[in-house]
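Here is the structure we will look at, set down as structure tokens.
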Protein chains: 4
Amino acid sequence: MREFRSIAVIGVTGYTGFELATLLLHHSDIGKPVFYVRETNGVHCLSELFPQLRGWGEASVKPLSVDTIAQSNAGTAFLATPHEVSAELAPKLLDAGLRVIDLSGAFRSASADTYAAWYKLPTPHAPRLSEAVYGLPELYADQIREAKLIANPGCYATSVILALRPLQEAGFLASGHTVVCDCKSGASGAGKDPRRDLHFVEVAGNFRAYNLFAHRHTPEILEHTALPESRVIFTTHLLPIPRGILSSVYVTLAKAQTPEEIEALYRKFYAGRSLMRIHKAGSLPEVQHVVKTNFCDIGFALHVDGKRLVVVSCLDNLGKGAAGQAVQNLNLTLGLKERTGLV
Amino acid sequence: MREFRSIAVIGVTGYTGFELATLLLHHSDIGKPVFYVRETNGVHCLSELFPQLRGWGEASVKPLSVDTIAQSNAGTAFLATPHEVSAELAPKLLDAGLRVIDLSGAFRSASADTYAAWYKLPTPHAPRLSEAVYGLPELYADQIREAKLIANPGCYATSVILALRPLQEAGFLASGHTVVCDCKSGASGAGKDPRRDLHFVEVAGNFRAYNLFAHRHTPEILEHTALPESRVIFTTHLLPIPRGILSSVYVTLAKAQTPEEIEALYRKFYAGRSLMRIHKAGSLPEVQHVVKTNFCDIGFALHVDGKRLVVVSCLDNLGKGAAGQAVQNLNLTLGLKERTGLV
Amino acid sequence: MREFRSIAVIGVTGYTGFELATLLLHHSDIGKPVFYVRETNGVHCLSELFPQLRGWGEASVKPLSVDTIAQSNAGTAFLATPHEVSAELAPKLLDAGLRVIDLSGAFRSASADTYAAWYKLPTPHAPRLSEAVYGLPELYADQIREAKLIANPGCYATSVILALRPLQEAGFLASGHTVVCDCKSGASGAGKDPRRDLHFVEVAGNFRAYNLFAHRHTPEILEHTALPESRVIFTTHLLPIPRGILSSVYVTLAKAQTPEEIEALYRKFYAGRSLMRIHKAGSLPEVQHVVKTNFCDIGFALHVDGKRLVVVSCLDNLGKGAAGQAVQNLNLTLGLKERTGLV
Amino acid sequence: MREFRSIAVIGVTGYTGFELATLLLHHSDIGKPVFYVRETNGVHCLSELFPQLRGWGEASVKPLSVDTIAQSNAGTAFLATPHEVSAELAPKLLDAGLRVIDLSGAFRSASADTYAAWYKLPTPHAPRLSEAVYGLPELYADQIREAKLIANPGCYATSVILALRPLQEAGFLASGHTVVCDCKSGASGAGKDPRRDLHFVEVAGNFRAYNLFAHRHTPEILEHTALPESRVIFTTHLLPIPRGILSSVYVTLAKAQTPEEIEALYRKFYAGRSLMRIHKAGSLPEVQHVVKTNFCDIGFALHVDGKRLVVVSCLDNLGKGAAGQAVQNLNLTLGLKERTGLV
């Protein structure tokens, strides 16, 4: 039997961290994960924090210490921590020789200005920004394989970029027209901290828009679609479901296309990408088909004029939108098939 | 005590018909409603069909007969029936001297072509199309007061038209730019007939788009916003909630505006309209605030460039989007305040 | 037009308080309610706290002061406050000459020991305990009409007592047999304060039991069913719905009965009680039929042995289980029909 | 690499059949499953029926034919078919030399009378009733390993039997006292066929009891707890969630016990059973912790009198309550660890 290096996971109490734990504990081709938290409160075993893990997901919980991690057998550290904590820890873990996969937004942009403008973080909020690779494997697999610091993308951003990039690279987008990204996410995307507006009674039976023109995933979308800010509207809405994102992306095409041409474009662009599923023209993805998977499903409807196109992109905000994509990135760095342990 | 003429309601088994029944039974300034159905199956009292009405909502159920209705004391007939049934019954009821408020789509357009193209109905599917008044009181109150045949608007159409009309009339919309209407509705909008895709398990935890570029409310939207088909994208999505619509409407303005100007435009346009609620700039409506009401709530977010505008329009698809609006129309014809019995 | 005395409502920020506000604002036969809160934070109007009230539910918000209330026109004060606050305020308001309807548990038992044992409150936690009338109108309407201090019952307790009392008074319950009350409530019953276990993601798709053998509604149930503690098991479960209670109550009958006899017993016991709805034998109530009403619906299934009986009792925890029942009590004190303003 | 015999699955269109497909397609230690349906309608591949399987769950769909199955490499056939179909097919498949695991109720009782009384099936509805082994591995693992025909238990029955059997075998239950089983299930338990009462709008926000004293799982519960019918009340309720069962089981103990003794009893009874999780005294299971697993979680609350006991038993109706348990049974027959492929 192969000997695997272990995995260090920092931060496991949020929804993303727990999802990551679940995926890593199921993963057969990696070493045993060890979980590090700021306050152990006497807990030694992950199932003490999460009773649903009893019987299959026993794992160690240890007090967070970069030294302890550095001296462990771990080759990779995941950061499922707030931006500020990731900004502080990632450089130290890199210095200690670990590969770092950060699930926060702390390293998603190379530009310190982004953080001042969109995250309201001080400038510079973190060293080594420029070393980070944006961890979207469908676009940047080669760089990810070699990366020491991987910035795992935002959930909304993943769904929108994967919908737009093929159109953009092919030059299909009519210049001068606004691209509208109307995105809807389940409530786990808002985090686990108790908040009045996330109380069950406030979300069930409700639906609302939030953070218009102010969402932090905006700069990622702009950077990786190469669209100017002036041509994009990106809005976010809260769905009364635990998990899942559906983004409806509206574009005007430069010249008329057929549905077959659009489908062919996506199929060719994502050929060989095992976690992209392109729908046939006339069929649309839905959230229930991607929840608890690492797939991004893409479908579309094209007006008979051949120019007005709606692309519908669907993924699980905790899966392909966060923890699943982080594991996909891990797989690339380890030379494994990218969907190992993911479906 | 005043003597009221009674109300005839045809079709009460669907969600819209039942909502209408509830509103009419609570309404204090009208006569007692009588309910007519194709097959009574031995039922004489509405609470035999709907046990939740026992104790407060007793009303007669009778076999459907235009003659019976004509000979009753009824002055108004509501049609909560399928398009085809409304098309057949409305002219007969009009001939019998009743005012007709039709909740189907059968009379929403004056053009027979609309029905061939969007409803797949034979041409002509109904006589007297041209006599119908589109029952959107915020736009056409004067005509509604005098109308003999009122075509109650579609739920999505109501939310979109009320969002766009002030901008359009003011000339704020930049020509050449596509208007995107991304609409989401609760499941009661899909009707009460059992369908595999409306099974609880298929809707709960799910979200999906449907009927892209094919929804029957499209011609209403085009006609009452005066936008050409080539400039509009209207999409619909199924929310995992029983009732409520939220429409996110994306427009580009012809020249830069301030949030105050946008708010002022809406306030002025809807001045005196008691069922419109305009949000302050920076505040957005949400579905839970309109469910079980007859309000249409409108809010917006304006980009700092002053030109990219998102209008969010919220209503209850069974309230302002159907039965509530029908009662609002009734109130106008009876010379009552338009929100009598509605909030 | 009659001149009504106004109504003072203390505490409006919770789910019960808001429901009470909604009912009072719709009530046509009472004076205008005024709302008192500890911290106004500059708010003067209720719709500033609750945007869903704009356009129909404008009412004054004032800083809480017993003196202000005493000098107002108010004849009745509602307390929608925590137990400790009610314990402190009710005697002062009584001294100021107001009638008090308390929605907390502070006065539900005449025995100070109950509060030490079940509420963990100091003894005595409140003066004037013995003056309170338990505000369950189906049992105590005469006392309620004359009461100065009304202790509005608990939601679970209401559903269980109304199911058991007819059987108990008729001597139908076999001695020596345990009565099992398996109760399920929507999440608004747990209050509005943000709590991790009430986060949407933790409640949606979930179901769990809680507070077994420790729920504070136990002493009410025992006192008003006259059952000894040793013969009752009362359990509570959290439903993934915003509102509604369904209690399944299991009893063994002393001698065999027919379904017709059971139905007749309930019908006779609740004859004239306009807010009780007894189902026919073989038909069962469901939560959706009582939500947003003040009804308590009762149905049952009787084993063919005539002795094993399941009584199913359904109500809205915010309606008949709290605010609606408080208004029903108000109506009695004002000499109105008890369901005025309630259905 | 080992050569596995393939698996035949008959019936895949329902929720149970699809769950079974998902589990078998993920299972690493069995041969490729082949799916047989009455009407293929031109479909050859499972992902044509279920788009969510694209990209990972490709499998053959063939027209149902016992001959085809008999001539295939299959060693085991699963029947995810209605009772009547299973009754007809199982004997033929047995005759063809296959092992049969039937997920319907057709073989759950050895007594033909049960089927007349509870299932309204003609007598005898199926040959070879007496050969079937009840597939509850925690009780009958030895017989299951050798069985040719396995009757997979009902979902409710599994949850109740696993809660009661340890108490019953230990002689803890007081004679003469009724055992109350108040069970609640998610909507997938009601099947996938469109029904008005399973429409999203009728289930969301609702809760109701159904089938009181008439549920088909009753005879299983009686047979495998050895309780007389006269001492059991078993009720079922519909939860507004897609999947999961929670059963609250109420018993009176013959003599007073401590919580530690109750916990020890369960731990000892289920020692070595890897899919049972016993909660510590004072901690209770919840549905969200078992959904999409094959665990049955059991917790309890004991009154301080030591005699009134509430046992709470939780499982996934599609997992341990149906498809998962069927795979657990398969594992036993193949000599695999019983949870292979299940967590």
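Letters for chains follow the order of the structure tokens (A, B, ...), residue numbers begin at 1 for each chain, and ligand numbers begin at 1 in the order shown.
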
Please tabulate, as a tab-separated table, the residues of chain C that come within 7 Å of chain A, each with its closest pair of atoms and the distance in Å to one decimal, counting only C-alpha atoms and ordering rows by chain, then residue number upward.
```
residue	atom	partner	partner_atom	distance
C:Ala187	CA	A:Val201	CA	6.5
C:Ser188	CA	A:Val201	CA	6.3
C:Asp193	CA	A:Arg196	CA	6.7
C:Pro194	CA	A:Arg196	CA	5.0
C:Arg195	CA	A:Pro194	CA	5.3
C:Arg196	CA	A:Pro194	CA	5.0
C:Leu198	CA	A:His199	CA	5.7
C:His199	CA	A:His199	CA	4.6
C:Phe200	CA	A:Phe200	CA	3.8
C:Val201	CA	A:Pro242	CA	5.0
C:Val203	CA	A:Phe200	CA	6.4
C:Pro242	CA	A:Val201	CA	5.0
```

Exercise: Val100 in chain D partners within 8 Å, only C-alpha atoms, chain neighbours under 4 positions left out, as a PDB file with C-alpha atoms, in the first residue's frame:
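Final output, saved to around_25.pdb:
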```pdb
ATOM      1  CA  THR D  76     -28.475 -11.220  -7.844  1.00  0.00           C
ATOM      2  CA  ALA D  77     -31.635  -9.442  -8.892  1.00  0.00           C
ATOM      3  CA  PHE D  78     -33.104  -6.490  -7.028  1.00  0.00           C
ATOM      4  CA  LEU D  79     -36.818  -5.880  -7.369  1.00  0.00           C
ATOM      5  CA  ALA D  90     -39.465 -13.197  -7.708  1.00  0.00           C
ATOM      6  CA  LEU D  93     -36.009 -15.276 -10.968  1.00  0.00           C
ATOM      7  CA  LEU D  94     -35.417 -17.758  -8.163  1.00  0.00           C
ATOM      8  CA  LYS D 148     -32.025 -16.955  -1.807  1.00  0.00           C
ATOM      9  CA  LEU D 149     -35.006 -14.629  -1.342  1.00  0.00           C
ATOM     10  CA  ILE D 150     -34.632 -11.567   0.865  1.00  0.00           C
TER      11      ILE D 150
END
```

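The space between CA of Thr225 in chain B and CA of His237 in chain A spans 25.4 Å.
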
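For the pair CA of His83 in chain C and CA of Leu332 in chain C, the interatomic distance is 23.9 Å.
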
**Request:** Apply DSSP to the backbone of this structure and, from range 1-186 of chain C, keep only the residues in alpha helix (DSSP H); write these as an MDAnalysis selection string.
**Result:** chainID C and resid 15:26 46:49 66:71 83:95 112:114 137:146 155:169

Near-Ser111 in chain D list (8 Å; only C-alpha atoms; drop same-chain fewer than 3 positions) as an mmCIF file with all heavy atoms, in the first residue's frame:
```
data_model
loop_
_atom_site.group_PDB
_atom_site.id
_atom_site.type_symbol
_atom_site.label_atom_id
_atom_site.label_comp_id
_atom_site.auth_asym_id
_atom_site.auth_seq_id
_atom_site.Cartn_x
_atom_site.Cartn_y
_atom_site.Cartn_z
ATOM 1 N N THR D 114 -51.805 -12.013 6.047
ATOM 2 C CA THR D 114 -51.332 -10.633 6.175
ATOM 3 C C THR D 114 -51.620 -9.839 4.912
ATOM 4 O O THR D 114 -52.023 -8.671 4.968
ATOM 5 C CB THR D 114 -49.810 -10.626 6.430
ATOM 6 O OG1 THR D 114 -49.576 -11.272 7.677
ATOM 7 C CG2 THR D 114 -49.258 -9.209 6.469
ATOM 8 N N TYR D 115 -51.419 -10.479 3.787
ATOM 9 C CA TYR D 115 -51.578 -9.762 2.514
ATOM 10 C C TYR D 115 -53.029 -9.480 2.207
ATOM 11 O O TYR D 115 -53.373 -8.447 1.637
ATOM 12 C CB TYR D 115 -50.879 -10.529 1.397
ATOM 13 C CG TYR D 115 -49.402 -10.506 1.641
ATOM 14 C CD1 TYR D 115 -48.769 -11.542 2.294
ATOM 15 C CD2 TYR D 115 -48.667 -9.379 1.317
ATOM 16 C CE1 TYR D 115 -47.418 -11.478 2.587
ATOM 17 C CE2 TYR D 115 -47.319 -9.301 1.599
ATOM 18 C CZ TYR D 115 -46.699 -10.353 2.234
ATOM 19 O OH TYR D 115 -45.378 -10.254 2.535
ATOM 20 N N LEU D 129 -43.686 -17.870 -0.362
ATOM 21 C CA LEU D 129 -43.637 -16.893 0.740
ATOM 22 C C LEU D 129 -42.742 -17.368 1.863
ATOM 23 O O LEU D 129 -41.983 -16.605 2.466
ATOM 24 C CB LEU D 129 -45.036 -16.678 1.325
ATOM 25 C CG LEU D 129 -45.953 -15.621 0.724
ATOM 26 C CD1 LEU D 129 -47.148 -15.427 1.635
ATOM 27 C CD2 LEU D 129 -45.207 -14.314 0.533
ATOM 28 N N SER D 130 -42.840 -18.657 2.160
ATOM 29 C CA SER D 130 -42.176 -19.167 3.366
ATOM 30 C C SER D 130 -40.659 -19.223 3.206
ATOM 31 O O SER D 130 -39.933 -19.365 4.186
ATOM 32 C CB SER D 130 -42.711 -20.555 3.692
ATOM 33 O OG SER D 130 -42.429 -21.421 2.612
#
```

**Request:** Determine which residues of range 134-256 of chain B receive a DSSP assignment of strand (DSSP E or B), computed from the backbone, and state them as a ChimeraX atom specification.
**Result:** /B:134,149-151,173,179-185,199,208-210,232-238,245-253
